[in-house]
file run06.cif (mmCIF, C-alpha atoms and all ligand atoms; chains and numbers go by the auth columns)
data_run
loop_
_atom_site.group_PDB
_atom_site.id
_atom_site.type_symbol
_atom_site.label_atom_id
_atom_site.label_comp_id
_atom_site.label_asym_id
_atom_site.label_seq_id
_atom_site.Cartn_x
_atom_site.Cartn_y
_atom_site.Cartn_z
_atom_site.B_iso_or_equiv
_atom_site.auth_seq_id
_atom_site.auth_asym_id
ATOM 1 C CA MET A 1 9.438 187.160 97.970 0.00 1 Q
ATOM 2 C CA ALA A 2 8.129 189.942 100.148 0.00 2 Q
ATOM 3 C CA THR A 3 7.479 193.632 99.639 0.00 3 Q
ATOM 4 C CA LEU A 4 9.590 195.709 102.011 0.00 4 Q
ATOM 5 C CA LEU A 5 9.060 199.412 102.635 0.00 5 Q
ATOM 6 C CA ILE A 6 12.250 201.283 103.565 0.00 6 Q
ATOM 7 C CA VAL A 7 11.628 204.667 105.196 0.00 7 Q
ATOM 8 C CA GLU A 8 15.018 206.399 105.392 0.00 8 Q
ATOM 9 C CA ASP A 9 16.065 209.978 104.654 0.00 9 Q
ATOM 10 C CA ASN A 10 19.775 209.247 104.270 0.00 10 Q
ATOM 11 C CA ASP A 11 20.484 208.548 100.580 0.00 11 Q
ATOM 12 C CA LEU A 12 23.467 206.260 101.191 0.00 12 Q
ATOM 13 C CA ASN A 13 21.682 204.139 103.795 0.00 13 Q
ATOM 14 C CA ARG A 14 18.554 203.927 101.673 0.00 14 Q
ATOM 15 C CA ASP A 15 20.500 202.857 98.566 0.00 15 Q
ATOM 16 C CA MET A 16 22.572 200.309 100.477 0.00 16 Q
ATOM 17 C CA LEU A 17 19.583 198.712 102.216 0.00 17 Q
ATOM 18 C CA SER A 18 17.553 198.775 99.027 0.00 18 Q
ATOM 19 C CA ARG A 19 20.220 197.085 96.911 0.00 19 Q
ATOM 20 C CA ARG A 20 21.122 194.444 99.455 0.00 20 Q
ATOM 21 C CA LEU A 21 17.529 193.500 100.255 0.00 21 Q
ATOM 22 C CA ALA A 22 16.605 193.441 96.562 0.00 22 Q
ATOM 23 C CA ARG A 23 19.505 191.051 95.997 0.00 23 Q
ATOM 24 C CA ARG A 24 17.866 188.691 98.513 0.00 24 Q
ATOM 25 C CA GLY A 25 14.833 188.598 96.254 0.00 25 Q
ATOM 26 C CA HIS A 26 12.633 191.152 97.953 0.00 26 Q
ATOM 27 C CA SER A 27 10.573 193.798 96.218 0.00 27 Q
ATOM 28 C CA ILE A 28 11.522 197.226 97.564 0.00 28 Q
ATOM 29 C CA VAL A 29 9.443 200.377 98.078 0.00 29 Q
ATOM 30 C CA LEU A 30 11.221 203.555 99.193 0.00 30 Q
ATOM 31 C CA ALA A 31 10.178 206.608 101.187 0.00 31 Q
ATOM 32 C CA CYS A 32 12.360 209.584 102.155 0.00 32 Q
ATOM 33 C CA ASP A 33 10.391 211.152 105.003 0.00 33 Q
ATOM 34 C CA GLY A 34 7.684 210.386 107.547 0.00 34 Q
ATOM 35 C CA PRO A 35 4.577 211.431 105.584 0.00 35 Q
ATOM 36 C CA GLU A 36 5.766 209.587 102.461 0.00 36 Q
ATOM 37 C CA GLY A 37 6.393 206.497 104.584 0.00 37 Q
ATOM 38 C CA LEU A 38 2.911 206.721 106.040 0.00 38 Q
ATOM 39 C CA THR A 39 1.312 207.124 102.604 0.00 39 Q
ATOM 40 C CA LYS A 40 3.261 204.248 101.060 0.00 40 Q
ATOM 41 C CA ALA A 41 2.385 201.949 103.967 0.00 41 Q
ATOM 42 C CA TYR A 42 -1.243 202.332 102.822 0.00 42 Q
ATOM 43 C CA THR A 43 -0.795 202.452 99.060 0.00 43 Q
ATOM 44 C CA THR A 44 1.675 199.556 98.710 0.00 44 Q
ATOM 45 C CA ALA A 45 0.628 197.343 101.689 0.00 45 Q
ATOM 46 C CA PRO A 46 4.182 196.124 102.429 0.00 46 Q
ATOM 47 C CA ASP A 47 4.866 192.846 104.268 0.00 47 Q
ATOM 48 C CA LEU A 48 7.371 194.589 106.517 0.00 48 Q
ATOM 49 C CA ILE A 49 8.689 198.112 107.156 0.00 49 Q
ATOM 50 C CA LEU A 50 12.248 199.238 107.945 0.00 50 Q
ATOM 51 C CA MET A 51 11.769 202.543 109.717 0.00 51 Q
ATOM 52 C CA ASP A 52 14.519 205.055 110.372 0.00 52 Q
ATOM 53 C CA MET A 53 13.524 206.845 113.573 0.00 53 Q
ATOM 54 C CA SER A 54 15.144 210.184 112.737 0.00 54 Q
ATOM 55 C CA LEU A 55 13.182 211.486 109.733 0.00 55 Q
ATOM 56 C CA PRO A 56 12.238 214.930 108.426 0.00 56 Q
ATOM 57 C CA VAL A 57 8.698 216.344 108.755 0.00 57 Q
ATOM 58 C CA MET A 58 7.396 213.454 110.898 0.00 58 Q
ATOM 59 C CA ASP A 59 9.763 211.177 112.822 0.00 59 Q
ATOM 60 C CA GLY A 60 9.726 207.388 112.734 0.00 60 Q
ATOM 61 C CA TRP A 61 8.222 207.141 116.203 0.00 61 Q
ATOM 62 C CA GLU A 62 5.171 209.133 115.149 0.00 62 Q
ATOM 63 C CA VAL A 63 4.759 207.239 111.854 0.00 63 Q
ATOM 64 C CA THR A 64 4.960 203.951 113.790 0.00 64 Q
ATOM 65 C CA ARG A 65 2.415 205.095 116.383 0.00 65 Q
ATOM 66 C CA ARG A 66 -0.037 206.028 113.640 0.00 66 Q
ATOM 67 C CA LEU A 67 0.401 202.749 111.754 0.00 67 Q
ATOM 68 C CA LYS A 68 0.050 200.646 114.895 0.00 68 Q
ATOM 69 C CA ARG A 69 -3.059 202.564 115.960 0.00 69 Q
ATOM 70 C CA ASP A 70 -4.906 201.738 112.718 0.00 70 Q
ATOM 71 C CA PRO A 71 -6.196 198.147 112.492 0.00 71 Q
ATOM 72 C CA VAL A 72 -5.602 198.271 108.710 0.00 72 Q
ATOM 73 C CA THR A 73 -1.830 198.678 109.154 0.00 73 Q
ATOM 74 C CA ALA A 74 -1.258 197.470 112.745 0.00 74 Q
ATOM 75 C CA GLY A 75 -0.226 193.970 111.645 0.00 75 Q
ATOM 76 C CA ILE A 76 2.682 195.111 109.466 0.00 76 Q
ATOM 77 C CA PRO A 77 5.924 194.311 111.330 0.00 77 Q
ATOM 78 C CA ILE A 78 8.162 197.356 111.807 0.00 78 Q
ATOM 79 C CA ILE A 79 11.915 197.234 112.429 0.00 79 Q
ATOM 80 C CA ALA A 80 13.171 200.460 113.979 0.00 80 Q
ATOM 81 C CA LEU A 81 16.543 201.715 112.714 0.00 81 Q
ATOM 82 C CA THR A 82 18.298 204.211 114.924 0.00 82 Q
ATOM 83 C CA ALA A 83 21.711 205.804 115.040 0.00 83 Q
ATOM 84 C CA HIS A 84 21.539 205.906 118.805 0.00 84 Q
ATOM 85 C CA ALA A 85 22.528 202.838 120.768 0.00 85 Q
ATOM 86 C CA MET A 86 20.933 204.098 123.940 0.00 86 Q
ATOM 87 C CA ALA A 87 18.623 201.836 125.910 0.00 87 Q
ATOM 88 C CA GLU A 88 16.190 204.735 126.124 0.00 88 Q
ATOM 89 C CA ASP A 89 15.809 204.795 122.326 0.00 89 Q
ATOM 90 C CA LYS A 90 15.124 201.091 122.265 0.00 90 Q
ATOM 91 C CA SER A 91 12.348 201.350 124.833 0.00 91 Q
ATOM 92 C CA THR A 92 10.873 204.391 123.055 0.00 92 Q
ATOM 93 C CA ALA A 93 10.845 202.512 119.748 0.00 93 Q
ATOM 94 C CA LEU A 94 9.232 199.453 121.311 0.00 94 Q
ATOM 95 C CA LEU A 95 6.690 201.613 123.133 0.00 95 Q
ATOM 96 C CA ALA A 96 5.781 203.254 119.827 0.00 96 Q
ATOM 97 C CA GLY A 97 4.912 199.762 118.609 0.00 97 Q
ATOM 98 C CA CYS A 98 8.038 198.722 116.702 0.00 98 Q
ATOM 99 C CA ASP A 99 8.455 194.943 116.593 0.00 99 Q
ATOM 100 C CA GLU A 100 12.243 194.937 116.511 0.00 100 Q
ATOM 101 C CA PHE A 101 15.114 197.362 116.884 0.00 101 Q
ATOM 102 C CA GLU A 102 18.429 197.615 114.995 0.00 102 Q
ATOM 103 C CA THR A 103 21.230 200.042 115.719 0.00 103 Q
ATOM 104 C CA LYS A 104 23.244 201.848 113.050 0.00 104 Q
ATOM 105 C CA PRO A 105 25.685 201.138 111.588 0.00 105 Q
ATOM 106 C CA ILE A 106 23.479 198.280 110.422 0.00 106 Q
ATOM 107 C CA ASP A 107 24.802 194.743 110.819 0.00 107 Q
ATOM 108 C CA PHE A 108 23.262 193.506 107.575 0.00 108 Q
ATOM 109 C CA GLU A 109 23.391 189.767 108.314 0.00 109 Q
ATOM 110 C CA ARG A 110 21.685 190.380 111.635 0.00 110 Q
ATOM 111 C CA LEU A 111 19.094 192.574 109.937 0.00 111 Q
ATOM 112 C CA ILE A 112 18.384 189.858 107.346 0.00 112 Q
ATOM 113 C CA ASP A 113 17.842 187.328 110.148 0.00 113 Q
ATOM 114 C CA THR A 114 15.390 189.698 111.823 0.00 114 Q
ATOM 115 C CA VAL A 115 13.555 190.402 108.546 0.00 115 Q
ATOM 116 C CA THR A 116 13.290 186.664 107.799 0.00 116 Q
ATOM 117 C CA ARG A 117 12.041 185.854 111.301 0.00 117 Q
ATOM 118 C CA LEU A 118 9.364 188.556 111.228 0.00 118 Q
ATOM 119 C CA LEU A 119 8.198 187.569 107.744 0.00 119 Q
ATOM 120 C CA GLU A 120 7.919 183.922 108.834 0.00 120 Q
ATOM 121 C CA ARG A 121 5.982 184.922 111.926 0.00 121 Q
ATOM 122 C CA ARG A 122 3.628 186.987 109.803 0.00 122 Q
ATOM 123 C CA ALA A 123 3.209 184.174 107.251 0.00 123 Q
ATOM 124 C CA SER A 124 2.395 181.692 109.999 0.00 124 Q
ATOM 125 C CA GLY A 125 -0.484 183.904 111.082 0.00 125 Q
ATOM 126 C CA HIS A 126 0.805 185.226 114.394 0.00 126 Q
ATOM 127 C CA HIS A 127 -0.285 188.728 115.148 0.00 127 Q
ATOM 128 C CA ALA A 128 2.703 191.027 114.750 0.00 128 Q
ATOM 129 C CA GLY A 129 1.070 194.123 116.122 0.00 129 Q
ATOM 130 C CA GLY A 130 3.896 195.317 118.283 0.00 130 Q
ATOM 131 C CA ASN A 131 5.007 194.599 121.782 0.00 131 Q
ATOM 132 C CA LEU A 132 2.099 196.343 123.456 0.00 132 Q
ATOM 133 C CA ALA A 133 -0.540 194.537 121.414 0.00 133 Q
HETATM 134 MN MN MN B . 17.457 209.741 109.407 0.00 1 F
#

call {"tool": "encode", "arguments": {"input": "run06.cif", "output": "structure tokens"}}
result
Amino acid sequence: MATLLIVEDNDLNRDMLSRRLARRGHSIVLACDGPEGLTKAYTTAPDLILMDMSLPVMDGWEVTRRLKRDPVTAGIPIIALTAHAMAEDKSTALLAGCDEFETKPIDFERLIDTVTRLLERRASGHHAGGNLA
């Protein structure tokens, strides 16, 4: 079982992801905006973060940049969630340090595969500090 932090401002998406990931046996921590996501990344030390990119107060790109810049949090894998399917968004998310990228509407089975793969990579000791690391 892993602790997953879901940073998502949309109530329906947050509830859906939370319920479905909890059903797979994961422990879930929730945040509704950028600053709360940043704080909970430190206070709960999650094994993985699902990060909506479009968030109030501080967007997901900025939260990701800050987490990847700090050696304390840089190793936490981050999956970017974005409503935009544009190639530009994908490269921006990866440049910010996101480890993977999923487009909304979320294909849950695909997301689960990505979560599992990143958790296994982290457990096996590989550095998961983002594509620029
Ligand atoms: Mn959003």

call {"tool": "residues_around", "arguments": {"input": "run06.cif", "residues": "stretch 36-49 of chain Q", "least_positions_apart": "6", "cutoff": "10 Å", "atoms": "all atoms listed in the file", "output": "ChimeraX atom specification"}}
result
/Q:1-8,27-30,55,57-58,60,62-64,66-67,72-73,75-80,98-99,115-116,118-119,122-123

call {"tool": "closest_atom_pairs", "arguments": {"input": "run06.cif", "of": "chain Q", "to": "ligand MN 1 (chain F)", "cutoff": "7 Å", "atoms": "all atoms listed in the file", "output": "tab-separated table"}}
result
residue	atom	partner	partner_atom	distance
Q:Glu8	CA	F:MN1	MN	5.8
Q:Asp9	CA	F:MN1	MN	5.0
Q:Asn10	CA	F:MN1	MN	5.7
Q:Asp52	CA	F:MN1	MN	5.6
Q:Met53	CA	F:MN1	MN	6.4
Q:Ser54	CA	F:MN1	MN	4.1
Q:Leu55	CA	F:MN1	MN	4.6

call {"tool": "closest_residue", "arguments": {"input": "run06.cif", "among": "Q:Met16, Q:Ala83, Q:Met51, Q:Leu111", "to": "Q:Ala96", "atoms": "all atoms listed in the file"}}
result
Q:Met51

call {"tool": "residues_around", "arguments": {"input": "run06.cif", "residues": "Q:Arg110", "least_positions_apart": "6", "cutoff": "12 Å", "atoms": "all atoms listed in the file", "output": "PyMOL selection string"}}
result
chain Q and resi 79+100-104+116-117

call {"tool": "axis_aligned_box", "arguments": {"input": "run06.cif", "around": "stretch 79-96 of chain Q", "padding_each_side": "5 Å", "output": "lines of an AutoDock Vina configuration file"}}
result
center_x = 14.2
center_y = 201.6
center_z = 119.3
size_x = 26.7
size_y = 18.7
size_z = 23.7

call {"tool": "atom_distance", "arguments": {"input": "run06.cif", "atom1": "atom CA of Q:Ile106", "atom2": "atom CA of Q:Leu50"}}
result
11.5 Å

call {"tool": "atom_distance", "arguments": {"input": "run06.cif", "atom1": "atom CA of Q:Asp59", "atom2": "atom CA of Q:Arg23"}}
result
28.0 Å

call {"tool": "atom_distance", "arguments": {"input": "run06.cif", "atom1": "atom CA of Q:Asp33", "atom2": "atom CA of Q:Arg14"}}
result
11.4 Å

call {"tool": "residues_around", "arguments": {"input": "run06.cif", "residues": "Q:Arg65", "least_positions_apart": "4", "cutoff": "7 Å", "atoms": "only C-alpha atoms", "output": "PyMOL selection string"}}
result
chain Q and resi 61+69+96-97
